[in-house]
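These notes are about the structure you will find just below.
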Amino acid sequence: MDLLAFERGDGAARAAVVDGVRRSLASGFVYTSSDLPPDLLDTAYGMLQRFFALDQASKARFQAPHSHGQSGYTGVLVETAAGSPQADWKEMLNWASPIPAGHPLRRRFPGSYPEQLLPDAVVPGISEVLYAFHDAIADLQRRFLRVIALGIGCAETFFDDMVQDGPTLTRAI
């Protein structure tokens, strides 16, 4: 689907995008074009590649205790897929945009809003890039939800307030 055709198109173009998304979601998958800056993707992926290429001990320094996988590094054979007794052979780095300590959501749901732990000590500047990447992806998700809202017969902005400051997580595997 073409998100920009939805956002900038006429009524027919917008309706075609909504219909295409509705049909695509029947299979569970949607592919979209966007205005995500390619240089942001390249920079983020390059920094993540540098992080994952480090030795295990260096990466393990960025495990965030008590974050329940919501921040920092998770090594191989730690996470288990839902319904599986076997641990996964994957490692990941998880992050979100931090919100202030006094924010009402963070006070009420501290497990969903942990302190963020990113590996700037071993990949200088990675936090700035990954926060920008996260914010760009979260914005893309919010914009995409407007297509879905129309597809289910709601107002285009139906989800806007629901996802404001939501505990959106970005995960590099």
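A note on labels: chains of the structure tokens are A, B, ... as shown, every chain counts residues from 1, and ligands are counted from 1 in their shown order.
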For Arg106 in chain A, find every residue with an atom within 12 Å (counting only C-alpha atoms), except residues of its own chain fewer than 6 positions away, and show them as a list in words.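 Neighbouring residues, sequence-local ones excluded: Pro98, Ile99, Pro100, Ser112, Tyr113, Pro114, Glu115, Asp165, Gly166 and Pro167 of chain A.
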Using the selection just defined, write its residues with N, CA, C and O atoms as a PDB file, in the first residue's frame.
```
ATOM      1  N   PRO A  98      12.216   7.389  25.605  1.00  0.00           N
ATOM      2  CA  PRO A  98      11.961   7.559  27.032  1.00  0.00           C
ATOM      3  C   PRO A  98      10.920   8.645  27.284  1.00  0.00           C
ATOM      4  O   PRO A  98      10.828   9.613  26.528  1.00  0.00           O
ATOM      5  N   ILE A  99      10.128   8.438  28.315  1.00  0.00           N
ATOM      6  CA  ILE A  99       9.201   9.483  28.738  1.00  0.00           C
ATOM      7  C   ILE A  99       9.615   9.913  30.140  1.00  0.00           C
ATOM      8  O   ILE A  99      10.276   9.154  30.857  1.00  0.00           O
ATOM      9  N   PRO A 100       9.262  11.119  30.550  1.00  0.00           N
ATOM     10  CA  PRO A 100       9.711  11.623  31.854  1.00  0.00           C
ATOM     11  C   PRO A 100       9.292  10.726  33.018  1.00  0.00           C
ATOM     12  O   PRO A 100       8.224  10.109  32.989  1.00  0.00           O
ATOM     13  N   SER A 112       6.126  -1.170  31.835  1.00  0.00           N
ATOM     14  CA  SER A 112       5.992  -0.872  30.405  1.00  0.00           C
ATOM     15  C   SER A 112       6.840   0.327  29.984  1.00  0.00           C
ATOM     16  O   SER A 112       6.973   0.592  28.792  1.00  0.00           O
ATOM     17  N   TYR A 113       7.382   1.052  30.948  1.00  0.00           N
ATOM     18  CA  TYR A 113       8.169   2.256  30.653  1.00  0.00           C
ATOM     19  C   TYR A 113       9.473   2.259  31.446  1.00  0.00           C
ATOM     20  O   TYR A 113       9.738   3.162  32.234  1.00  0.00           O
ATOM     21  N   PRO A 114      10.326   1.246  31.269  1.00  0.00           N
ATOM     22  CA  PRO A 114      11.572   1.193  32.043  1.00  0.00           C
ATOM     23  C   PRO A 114      12.589   2.232  31.548  1.00  0.00           C
ATOM     24  O   PRO A 114      12.435   2.800  30.465  1.00  0.00           O
ATOM     25  N   GLU A 115      13.619   2.420  32.359  1.00  0.00           N
ATOM     26  CA  GLU A 115      14.741   3.246  31.907  1.00  0.00           C
ATOM     27  C   GLU A 115      15.339   2.585  30.671  1.00  0.00           C
ATOM     28  O   GLU A 115      15.481   1.366  30.618  1.00  0.00           O
ATOM     29  N   ASP A 165       1.807   8.461  23.543  1.00  0.00           N
ATOM     30  CA  ASP A 165       2.715   8.035  24.618  1.00  0.00           C
ATOM     31  C   ASP A 165       2.577   6.546  24.947  1.00  0.00           C
ATOM     32  O   ASP A 165       2.931   6.119  26.035  1.00  0.00           O
ATOM     33  N   GLY A 166       2.084   5.769  23.997  1.00  0.00           N
ATOM     34  CA  GLY A 166       1.948   4.327  24.222  1.00  0.00           C
ATOM     35  C   GLY A 166       3.296   3.656  24.368  1.00  0.00           C
ATOM     36  O   GLY A 166       4.317   4.174  23.916  1.00  0.00           O
ATOM     37  N   PRO A 167       3.336   2.492  25.011  1.00  0.00           N
ATOM     38  CA  PRO A 167       4.606   1.789  25.238  1.00  0.00           C
ATOM     39  C   PRO A 167       5.072   1.048  23.986  1.00  0.00           C
ATOM     40  O   PRO A 167       5.188  -0.164  23.970  1.00  0.00           O
TER      41      PRO A 167
END
```
I'd like to know which residues of chain A are helix (DSSP H, G or I) (by DSSP, run on the backbone); could you write them as a short mmCIF file (atom, residue, chain, number, x, y, z; two decimals) with N, CA, C and O atoms, in the first residue's frame?
```
data_model
loop_
_atom_site.label_atom_id
_atom_site.label_comp_id
_atom_site.auth_asym_id
_atom_site.auth_seq_id
_atom_site.Cartn_x
_atom_site.Cartn_y
_atom_site.Cartn_z
N LEU A 3 1.22 4.67 1.52
CA LEU A 3 0.76 5.56 2.58
C LEU A 3 0.65 6.99 2.10
O LEU A 3 -0.29 7.71 2.45
N LEU A 4 1.58 7.43 1.27
CA LEU A 4 1.54 8.81 0.78
C LEU A 4 0.35 9.03 -0.15
O LEU A 4 -0.22 10.12 -0.18
N ALA A 5 -0.06 8.01 -0.92
CA ALA A 5 -1.26 8.14 -1.76
C ALA A 5 -2.48 8.31 -0.88
O ALA A 5 -3.40 9.06 -1.22
N PHE A 6 -2.50 7.63 0.26
CA PHE A 6 -3.61 7.80 1.20
C PHE A 6 -3.60 9.21 1.77
O PHE A 6 -4.63 9.87 1.84
N GLU A 7 -2.43 9.69 2.19
CA GLU A 7 -2.35 10.99 2.85
C GLU A 7 -2.50 12.16 1.90
O GLU A 7 -3.00 13.22 2.29
N ARG A 8 -2.08 11.99 0.66
CA ARG A 8 -2.06 13.13 -0.28
C ARG A 8 -3.04 12.98 -1.43
O ARG A 8 -3.20 13.90 -2.23
N GLY A 11 -10.20 11.35 -2.96
CA GLY A 11 -11.08 10.38 -2.33
C GLY A 11 -10.95 8.99 -2.90
O GLY A 11 -10.96 8.00 -2.16
N ALA A 12 -10.82 8.88 -4.21
CA ALA A 12 -10.71 7.57 -4.85
C ALA A 12 -9.39 6.89 -4.47
O ALA A 12 -9.36 5.68 -4.19
N ALA A 13 -8.30 7.64 -4.44
CA ALA A 13 -7.00 7.07 -4.08
C ALA A 13 -7.02 6.61 -2.63
O ALA A 13 -6.52 5.52 -2.30
N ARG A 14 -7.59 7.42 -1.75
CA ARG A 14 -7.68 7.05 -0.34
C ARG A 14 -8.52 5.79 -0.16
O ARG A 14 -8.14 4.89 0.58
N ALA A 15 -9.64 5.72 -0.85
CA ALA A 15 -10.52 4.54 -0.75
C ALA A 15 -9.81 3.29 -1.26
O ALA A 15 -9.96 2.20 -0.68
N ALA A 16 -9.02 3.43 -2.32
CA ALA A 16 -8.30 2.28 -2.86
C ALA A 16 -7.26 1.77 -1.86
O ALA A 16 -7.08 0.56 -1.70
N VAL A 17 -6.60 2.67 -1.17
CA VAL A 17 -5.61 2.27 -0.17
C VAL A 17 -6.30 1.56 0.99
O VAL A 17 -5.85 0.50 1.44
N VAL A 18 -7.40 2.13 1.47
CA VAL A 18 -8.13 1.51 2.58
C VAL A 18 -8.60 0.11 2.18
O VAL A 18 -8.44 -0.85 2.94
N ASP A 19 -9.13 -0.04 0.97
CA ASP A 19 -9.59 -1.34 0.50
C ASP A 19 -8.42 -2.33 0.38
O ASP A 19 -8.54 -3.49 0.78
N GLY A 20 -7.30 -1.88 -0.14
CA GLY A 20 -6.14 -2.74 -0.28
C GLY A 20 -5.62 -3.22 1.07
O GLY A 20 -5.25 -4.38 1.24
N VAL A 21 -5.61 -2.33 2.06
CA VAL A 21 -5.15 -2.71 3.39
C VAL A 21 -6.13 -3.70 4.01
O VAL A 21 -5.72 -4.71 4.60
N ARG A 22 -7.41 -3.44 3.86
CA ARG A 22 -8.42 -4.36 4.42
C ARG A 22 -8.24 -5.76 3.84
O ARG A 22 -8.25 -6.75 4.55
N ARG A 23 -8.04 -5.85 2.53
CA ARG A 23 -7.84 -7.16 1.89
C ARG A 23 -6.51 -7.79 2.32
O ARG A 23 -6.44 -8.99 2.55
N SER A 24 -5.47 -6.98 2.43
CA SER A 24 -4.16 -7.51 2.84
C SER A 24 -4.18 -8.04 4.26
O SER A 24 -3.56 -9.05 4.56
N LEU A 25 -4.88 -7.36 5.14
CA LEU A 25 -4.92 -7.79 6.53
C LEU A 25 -5.66 -9.11 6.70
O LEU A 25 -5.49 -9.80 7.71
N PRO A 38 15.80 7.18 3.89
CA PRO A 38 16.71 6.04 3.69
C PRO A 38 18.03 6.19 4.45
O PRO A 38 18.58 5.19 4.93
N ASP A 39 18.52 7.41 4.60
CA ASP A 39 19.78 7.58 5.32
C ASP A 39 19.62 7.25 6.81
O ASP A 39 20.54 6.75 7.45
N LEU A 40 18.43 7.48 7.37
CA LEU A 40 18.18 7.11 8.76
C LEU A 40 18.20 5.58 8.90
O LEU A 40 18.81 5.05 9.83
N LEU A 41 17.57 4.89 7.97
CA LEU A 41 17.59 3.42 7.98
C LEU A 41 19.02 2.90 7.86
O LEU A 41 19.44 2.02 8.63
N ASP A 42 19.76 3.42 6.91
CA ASP A 42 21.13 2.96 6.69
C ASP A 42 22.01 3.20 7.91
O ASP A 42 22.80 2.34 8.32
N THR A 43 21.87 4.38 8.52
CA THR A 43 22.68 4.71 9.69
C THR A 43 22.31 3.82 10.87
O THR A 43 23.19 3.27 11.55
N ALA A 44 21.01 3.65 11.12
CA ALA A 44 20.57 2.81 12.23
C ALA A 44 21.03 1.36 12.02
O ALA A 44 21.59 0.75 12.94
N TYR A 45 20.82 0.83 10.83
CA TYR A 45 21.22 -0.56 10.57
C TYR A 45 22.73 -0.73 10.68
O TYR A 45 23.21 -1.75 11.17
N GLY A 46 23.49 0.26 10.22
CA GLY A 46 24.94 0.19 10.34
C GLY A 46 25.40 0.17 11.79
O GLY A 46 26.29 -0.61 12.15
N MET A 47 24.80 1.00 12.62
CA MET A 47 25.17 1.02 14.04
C MET A 47 24.74 -0.27 14.74
O MET A 47 25.47 -0.79 15.58
N LEU A 48 23.58 -0.77 14.39
CA LEU A 48 23.13 -2.04 14.97
C LEU A 48 24.05 -3.19 14.55
O LEU A 48 24.37 -4.06 15.35
N GLN A 49 24.49 -3.16 13.31
CA GLN A 49 25.42 -4.19 12.84
C GLN A 49 26.71 -4.14 13.66
O GLN A 49 27.26 -5.18 14.05
N ARG A 50 27.20 -2.94 13.92
CA ARG A 50 28.42 -2.81 14.74
C ARG A 50 28.19 -3.37 16.14
O ARG A 50 29.06 -4.03 16.70
N PHE A 51 27.02 -3.09 16.72
CA PHE A 51 26.73 -3.60 18.06
C PHE A 51 26.67 -5.13 18.06
O PHE A 51 27.31 -5.79 18.88
N PHE A 52 25.91 -5.72 17.16
CA PHE A 52 25.75 -7.17 17.15
C PHE A 52 27.05 -7.91 16.79
O PHE A 52 27.19 -9.09 17.12
N GLN A 56 30.32 -11.34 23.03
CA GLN A 56 29.18 -11.53 23.93
C GLN A 56 29.33 -10.74 25.22
O GLN A 56 28.36 -10.17 25.72
N ALA A 57 30.51 -10.68 25.78
CA ALA A 57 30.71 -9.96 27.05
C ALA A 57 30.42 -8.47 26.90
O ALA A 57 29.84 -7.85 27.79
N SER A 58 30.81 -7.91 25.77
CA SER A 58 30.55 -6.48 25.53
C SER A 58 29.06 -6.21 25.42
O SER A 58 28.54 -5.23 25.96
N LYS A 59 28.35 -7.07 24.69
CA LYS A 59 26.91 -6.89 24.53
C LYS A 59 26.17 -7.11 25.85
O LYS A 59 25.21 -6.39 26.15
N ALA A 60 26.63 -8.08 26.64
CA ALA A 60 25.97 -8.41 27.90
C ALA A 60 25.97 -7.24 28.89
O ALA A 60 25.12 -7.18 29.77
N PRO A 104 2.32 10.28 34.04
CA PRO A 104 1.31 9.42 34.68
C PRO A 104 1.35 7.96 34.21
O PRO A 104 1.17 7.05 35.02
N LEU A 105 1.61 7.72 32.93
CA LEU A 105 1.68 6.34 32.45
C LEU A 105 2.87 5.60 33.04
O LEU A 105 2.79 4.42 33.37
N ARG A 106 3.96 6.30 33.18
CA ARG A 106 5.15 5.66 33.73
C ARG A 106 4.98 5.36 35.21
O ARG A 106 5.47 4.34 35.70
N ARG A 107 4.29 6.23 35.93
CA ARG A 107 4.03 5.96 37.35
C ARG A 107 3.08 4.78 37.51
O ARG A 107 3.25 3.94 38.38
N ARG A 108 2.06 4.69 36.65
CA ARG A 108 1.05 3.64 36.78
C ARG A 108 1.53 2.29 36.23
O ARG A 108 1.16 1.25 36.75
N PRO A 110 5.03 1.06 35.46
CA PRO A 110 6.49 1.18 35.38
C PRO A 110 7.14 0.07 34.56
O PRO A 110 8.17 0.30 33.94
N GLY A 111 6.56 -1.12 34.54
CA GLY A 111 7.14 -2.21 33.77
C GLY A 111 7.07 -1.98 32.27
O GLY A 111 7.86 -2.53 31.51
N SER A 112 6.13 -1.17 31.84
CA SER A 112 5.99 -0.87 30.40
C SER A 112 6.84 0.33 29.98
O SER A 112 6.97 0.59 28.79
N ILE A 126 24.82 5.93 19.18
CA ILE A 126 23.74 5.03 18.78
C ILE A 126 22.39 5.44 19.38
O ILE A 126 21.36 5.29 18.74
N SER A 127 22.38 5.97 20.60
CA SER A 127 21.11 6.35 21.22
C SER A 127 20.38 7.41 20.40
O SER A 127 19.18 7.29 20.13
N GLU A 128 21.09 8.43 20.00
CA GLU A 128 20.46 9.51 19.22
C GLU A 128 19.85 8.95 17.93
O GLU A 128 18.71 9.28 17.57
N VAL A 129 20.59 8.10 17.24
CA VAL A 129 20.11 7.53 15.99
C VAL A 129 18.92 6.59 16.23
O VAL A 129 17.91 6.66 15.54
N LEU A 130 19.04 5.71 17.23
CA LEU A 130 17.97 4.75 17.47
C LEU A 130 16.70 5.42 18.00
O LEU A 130 15.59 4.98 17.67
N TYR A 131 16.82 6.46 18.78
CA TYR A 131 15.62 7.19 19.21
C TYR A 131 14.95 7.87 18.02
O TYR A 131 13.73 7.86 17.89
N ALA A 132 15.73 8.45 17.13
CA ALA A 132 15.16 9.06 15.92
C ALA A 132 14.49 8.00 15.05
O ALA A 132 13.39 8.21 14.51
N PHE A 133 15.13 6.84 14.91
CA PHE A 133 14.57 5.72 14.16
C PHE A 133 13.26 5.26 14.79
O PHE A 133 12.24 5.10 14.11
N HIS A 134 13.26 5.07 16.11
CA HIS A 134 12.05 4.65 16.82
C HIS A 134 10.92 5.65 16.61
O HIS A 134 9.78 5.26 16.32
N ASP A 135 11.22 6.92 16.78
CA ASP A 135 10.18 7.94 16.62
C ASP A 135 9.62 7.96 15.20
O ASP A 135 8.41 8.13 15.01
N ALA A 136 10.49 7.77 14.21
CA ALA A 136 10.02 7.75 12.82
C ALA A 136 9.13 6.54 12.55
O ALA A 136 8.10 6.65 11.88
N ILE A 137 9.50 5.38 13.09
CA ILE A 137 8.69 4.18 12.92
C ILE A 137 7.37 4.32 13.67
O ILE A 137 6.30 3.94 13.16
N ALA A 138 7.40 4.85 14.88
CA ALA A 138 6.16 5.04 15.66
C ALA A 138 5.23 6.01 14.94
O ALA A 138 4.00 5.80 14.91
N ASP A 139 5.79 7.06 14.33
CA ASP A 139 4.96 7.98 13.56
C ASP A 139 4.34 7.28 12.35
O ASP A 139 3.16 7.47 12.05
N LEU A 140 5.12 6.47 11.68
CA LEU A 140 4.61 5.69 10.55
C LEU A 140 3.47 4.77 11.00
O LEU A 140 2.44 4.65 10.33
N GLN A 141 3.63 4.14 12.15
CA GLN A 141 2.57 3.27 12.68
C GLN A 141 1.30 4.07 12.97
O GLN A 141 0.19 3.62 12.65
N ARG A 142 1.44 5.23 13.59
CA ARG A 142 0.27 6.07 13.89
C ARG A 142 -0.44 6.48 12.61
O ARG A 142 -1.67 6.45 12.54
N ARG A 143 0.33 6.84 11.61
CA ARG A 143 -0.26 7.24 10.33
C ARG A 143 -0.97 6.06 9.67
O ARG A 143 -2.05 6.20 9.10
N PHE A 144 -0.38 4.87 9.77
CA PHE A 144 -0.98 3.68 9.19
C PHE A 144 -2.28 3.31 9.91
O PHE A 144 -3.24 2.84 9.29
N LEU A 145 -2.32 3.54 11.22
CA LEU A 145 -3.55 3.27 11.97
C LEU A 145 -4.72 4.10 11.47
O LEU A 145 -5.88 3.69 11.62
N ARG A 146 -4.46 5.22 10.86
CA ARG A 146 -5.55 6.03 10.30
C ARG A 146 -6.21 5.31 9.12
O ARG A 146 -7.42 5.41 8.93
N VAL A 147 -5.43 4.59 8.35
CA VAL A 147 -5.99 3.79 7.25
C VAL A 147 -6.86 2.69 7.84
O VAL A 147 -7.98 2.44 7.38
N ILE A 148 -6.34 2.02 8.86
CA ILE A 148 -7.09 0.95 9.50
C ILE A 148 -8.39 1.47 10.12
O ILE A 148 -9.44 0.84 10.01
N ALA A 149 -8.32 2.63 10.76
CA ALA A 149 -9.52 3.20 11.38
C ALA A 149 -10.63 3.37 10.35
O ALA A 149 -11.78 2.99 10.59
N LEU A 150 -10.28 3.94 9.21
CA LEU A 150 -11.29 4.09 8.16
C LEU A 150 -11.78 2.74 7.66
O LEU A 150 -12.97 2.56 7.37
N GLY A 151 -10.88 1.78 7.58
CA GLY A 151 -11.23 0.44 7.10
C GLY A 151 -12.21 -0.29 7.99
O GLY A 151 -12.95 -1.15 7.53
N ASP A 160 -5.72 7.85 17.45
CA ASP A 160 -4.70 8.84 17.81
C ASP A 160 -4.48 8.97 19.31
O ASP A 160 -3.34 8.89 19.78
N ASP A 161 -5.54 9.19 20.08
CA ASP A 161 -5.38 9.36 21.52
C ASP A 161 -4.95 8.07 22.21
O ASP A 161 -4.24 8.10 23.22
N MET A 162 -5.35 6.93 21.66
CA MET A 162 -5.01 5.64 22.28
C MET A 162 -3.52 5.34 22.21
O MET A 162 -2.99 4.65 23.08
N VAL A 163 -2.86 5.80 21.18
CA VAL A 163 -1.44 5.48 21.02
C VAL A 163 -0.52 6.63 21.45
O VAL A 163 0.70 6.48 21.41
#
```
From the DSSP assignment of the backbone, select every residue of range 27-129 of chain A that is strand (DSSP E), and format the answer as an mmCIF file with all heavy atoms, in the first residue's frame.
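New file result-v3.cif:
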```cif
data_model
loop_
_atom_site.group_PDB
_atom_site.id
_atom_site.type_symbol
_atom_site.label_atom_id
_atom_site.label_comp_id
_atom_site.auth_asym_id
_atom_site.auth_seq_id
_atom_site.Cartn_x
_atom_site.Cartn_y
_atom_site.Cartn_z
ATOM 1 N N GLY A 72 17.210 -2.578 26.345
ATOM 2 C CA GLY A 72 18.528 -3.178 26.392
ATOM 3 C C GLY A 72 18.667 -4.451 25.585
ATOM 4 O O GLY A 72 17.843 -4.784 24.737
ATOM 5 N N TYR A 73 19.733 -5.163 25.891
ATOM 6 C CA TYR A 73 20.135 -6.350 25.144
ATOM 7 C C TYR A 73 19.548 -7.614 25.754
ATOM 8 O O TYR A 73 19.479 -7.762 26.979
ATOM 9 C CB TYR A 73 21.665 -6.447 25.146
ATOM 10 C CG TYR A 73 22.209 -7.698 24.510
ATOM 11 C CD1 TYR A 73 22.170 -7.863 23.130
ATOM 12 C CD2 TYR A 73 22.744 -8.713 25.285
ATOM 13 C CE1 TYR A 73 22.668 -9.018 22.541
ATOM 14 C CE2 TYR A 73 23.258 -9.861 24.704
ATOM 15 C CZ TYR A 73 23.203 -10.012 23.331
ATOM 16 O OH TYR A 73 23.690 -11.148 22.744
ATOM 17 N N THR A 74 19.152 -8.539 24.899
ATOM 18 C CA THR A 74 18.729 -9.877 25.303
ATOM 19 C C THR A 74 19.531 -10.859 24.470
ATOM 20 O O THR A 74 19.525 -10.778 23.241
ATOM 21 C CB THR A 74 17.217 -10.094 25.059
ATOM 22 O OG1 THR A 74 16.481 -9.104 25.782
ATOM 23 C CG2 THR A 74 16.788 -11.475 25.512
ATOM 24 N N MET A 92 18.788 -9.785 20.648
ATOM 25 C CA MET A 92 18.091 -8.565 20.236
ATOM 26 C C MET A 92 18.486 -7.383 21.105
ATOM 27 O O MET A 92 19.018 -7.542 22.198
ATOM 28 C CB MET A 92 16.588 -8.789 20.275
ATOM 29 C CG MET A 92 16.038 -9.245 21.584
ATOM 30 S SD MET A 92 14.389 -9.918 21.333
ATOM 31 C CE MET A 92 14.433 -11.202 22.546
ATOM 32 N N LEU A 93 18.219 -6.226 20.545
ATOM 33 C CA LEU A 93 18.363 -4.966 21.264
ATOM 34 C C LEU A 93 17.000 -4.289 21.201
ATOM 35 O O LEU A 93 16.423 -4.142 20.119
ATOM 36 C CB LEU A 93 19.446 -4.090 20.624
ATOM 37 C CG LEU A 93 19.771 -2.798 21.368
ATOM 38 C CD1 LEU A 93 20.391 -3.098 22.735
ATOM 39 C CD2 LEU A 93 20.712 -1.924 20.548
ATOM 40 N N ASN A 94 16.473 -3.924 22.366
ATOM 41 C CA ASN A 94 15.135 -3.340 22.469
ATOM 42 C C ASN A 94 15.234 -1.927 23.023
ATOM 43 O O ASN A 94 16.012 -1.672 23.943
ATOM 44 C CB ASN A 94 14.281 -4.187 23.422
ATOM 45 C CG ASN A 94 14.226 -5.624 22.996
ATOM 46 O OD1 ASN A 94 13.706 -5.941 21.956
ATOM 47 N ND2 ASN A 94 14.788 -6.509 23.803
ATOM 48 N N TRP A 95 14.402 -1.042 22.485
ATOM 49 C CA TRP A 95 14.394 0.331 22.976
ATOM 50 C C TRP A 95 13.084 1.014 22.626
ATOM 51 O O TRP A 95 12.319 0.571 21.785
ATOM 52 C CB TRP A 95 15.577 1.130 22.427
ATOM 53 C CG TRP A 95 15.479 1.474 20.972
ATOM 54 C CD1 TRP A 95 15.012 2.649 20.430
ATOM 55 C CD2 TRP A 95 15.828 0.645 19.862
ATOM 56 N NE1 TRP A 95 15.068 2.590 19.064
ATOM 57 C CE2 TRP A 95 15.564 1.369 18.684
ATOM 58 C CE3 TRP A 95 16.348 -0.644 19.735
ATOM 59 C CZ2 TRP A 95 15.796 0.863 17.408
ATOM 60 C CZ3 TRP A 95 16.570 -1.151 18.466
ATOM 61 C CH2 TRP A 95 16.306 -0.410 17.326
#
```
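A straight line drawn from CA of Ala96 in chain A to CA of Ala172 in chain A is 11.6 Å long.
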For Asp88 in chain A, please output as a PyMOL selection string all residues within 9 Å (counting only C-alpha atoms; exclusion window: fewer than 4 positions along the same chain). chain A and resi 76-81
Once you have the residues from the selection above, write them out as a PDB file, in the first residue's frame, restricted to N, CA, C and O atoms.
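As written to disk, again.pdb reads:
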```
ATOM      1  N   VAL A  76      21.056 -14.810  23.262  1.00  0.00           N
ATOM      2  CA  VAL A  76      20.464 -16.027  22.701  1.00  0.00           C
ATOM      3  C   VAL A  76      20.004 -16.952  23.825  1.00  0.00           C
ATOM      4  O   VAL A  76      20.533 -16.927  24.935  1.00  0.00           O
ATOM      5  N   LEU A  77      19.017 -17.769  23.510  1.00  0.00           N
ATOM      6  CA  LEU A  77      18.450 -18.767  24.420  1.00  0.00           C
ATOM      7  C   LEU A  77      17.893 -18.159  25.700  1.00  0.00           C
ATOM      8  O   LEU A  77      17.922 -18.780  26.768  1.00  0.00           O
ATOM      9  N   VAL A  78      17.354 -16.938  25.591  1.00  0.00           N
ATOM     10  CA  VAL A  78      16.730 -16.277  26.735  1.00  0.00           C
ATOM     11  C   VAL A  78      15.223 -16.182  26.522  1.00  0.00           C
ATOM     12  O   VAL A  78      14.442 -16.589  27.380  1.00  0.00           O
ATOM     13  N   GLU A  79      14.809 -15.671  25.391  1.00  0.00           N
ATOM     14  CA  GLU A  79      13.382 -15.480  25.120  1.00  0.00           C
ATOM     15  C   GLU A  79      12.774 -16.762  24.552  1.00  0.00           C
ATOM     16  O   GLU A  79      13.421 -17.485  23.797  1.00  0.00           O
ATOM     17  N   THR A  80      11.532 -17.007  24.913  1.00  0.00           N
ATOM     18  CA  THR A  80      10.792 -18.164  24.424  1.00  0.00           C
ATOM     19  C   THR A  80       9.552 -17.672  23.698  1.00  0.00           C
ATOM     20  O   THR A  80       8.817 -16.830  24.224  1.00  0.00           O
ATOM     21  N   ALA A  81       9.319 -18.190  22.518  1.00  0.00           N
ATOM     22  CA  ALA A  81       8.121 -17.821  21.770  1.00  0.00           C
ATOM     23  C   ALA A  81       6.889 -18.342  22.500  1.00  0.00           C
ATOM     24  O   ALA A  81       6.930 -19.371  23.177  1.00  0.00           O
TER      25      ALA A  81
END
```
How many Å lie between CA of Val123 in chain A and CA of Ala87 in chain A, rounded to one decimal?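 Computing it gives 27.8 Å between the two atoms.
Between CA of Asp2 in chain A and CA of Ser27 in chain A lies a distance of 17.9 Å.
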In terms of the shortest atom-to-atom distance over only C-alpha atoms, which of A:Gly9, A:Phe159, A:Pro85, A:Gly75 is closest to Gln63 in chain A?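 Distance minimum relative to Gln63 in chain A lands on A:Gly75.
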